[in-house]
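Below is one structure, written out as structure tokens, with a few remarks after it.
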Amino acid sequence: MQTEGMIIWGENGYVAFNPDEKPIEELPFIYGYNTGELLDERYMLGKLIAQDGTTLGAHYSSTETFQRQDLAILPGCWPERQDDFQGHYPGGYRMEYVPAEERPGHVGLAEAIGRSV
């Protein structure tokens with residue numbers, strides 16, 4: 001994982017990779033989101049999808065708080081996932097987590113999912 005260019009952005013403290021120091025709003029999103037799917041009624045499925053519709057991972061977590069960590073939305077979590085993200089968007093990206101209750105109205109996530117079909 002390239003650590004130079006890794007920053008924290010936004011009020012939620014999510015990770016961004018910005019090696020060329022572009023304005024943050026120019027970086028594409030990688031969305032982590034709660035799908036609403038449950039495993040054994042205890043674990044919720046979280047997925048990672050790039051703004052261009054590419055699926056970048058998934059993980060079952062016990063809570064949405066842990067899901068942010070398990071999907072590498074927060075700094076210092078799962079550096080090997082950041083390798084995958086940097087491989088997909090070498091010019092930079094910004095992470096955003098979408099909780100289950102916000103998913104139906106989240107335009108950016110809906111567009112990314114639409115591109116994946």
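Scheme for the structure tokens: letters A, B, ... for chains in order shown; per-chain residue numbers from 1; ligand numbers from 1 in order shown.
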Proximity of region 21-114 of chain A to region 5-12 of chain A: per-residue shortest pair, 9 Å limit, only C-alpha atoms, as a tab-separated table:
residue	atom	partner	partner_atom	distance
A:Glu21	CA	A:Gly5	CA	7.4
A:Ile24	CA	A:Trp9	CA	8.0
A:Leu74	CA	A:Ile8	CA	8.4
A:Pro75	CA	A:Ile8	CA	7.2
A:Gly92	CA	A:Gly5	CA	8.3
A:Arg94	CA	A:Trp9	CA	7.8
A:Met95	CA	A:Trp9	CA	8.7
A:Glu96	CA	A:Asn12	CA	8.8
Go through region 17-63 of chain A residue by residue and, counting only C-alpha atoms, keep those with an atom at most 10 Å from region 101-109 of chain A; for each kept residue give the shortest atom pair and its distance in Å to one decimal, ordered by chain and increasing number, as a tab-separated table.
residue	atom	partner	partner_atom	distance
A:Phe29	CA	A:Gly108	CA	8.4
A:Ile30	CA	A:Leu109	CA	9.0
A:Tyr31	CA	A:Leu109	CA	6.7
A:Gly32	CA	A:Leu109	CA	9.0
A:Tyr33	CA	A:Arg103	CA	7.5
A:Asn34	CA	A:Arg103	CA	7.9
A:Thr35	CA	A:Arg103	CA	8.3
A:Gly36	CA	A:Glu101	CA	9.3
A:Ile49	CA	A:Leu109	CA	8.1
A:Ala50	CA	A:Leu109	CA	8.9
A:Gln51	CA	A:Gly108	CA	7.4
A:Gly53	CA	A:Leu109	CA	9.1
Q) Could you work out how far CA of Ser61 (chain A) lies from CA of Gly114 (chain A), giving the answer in Å with one decimal? A) 24.4 Å
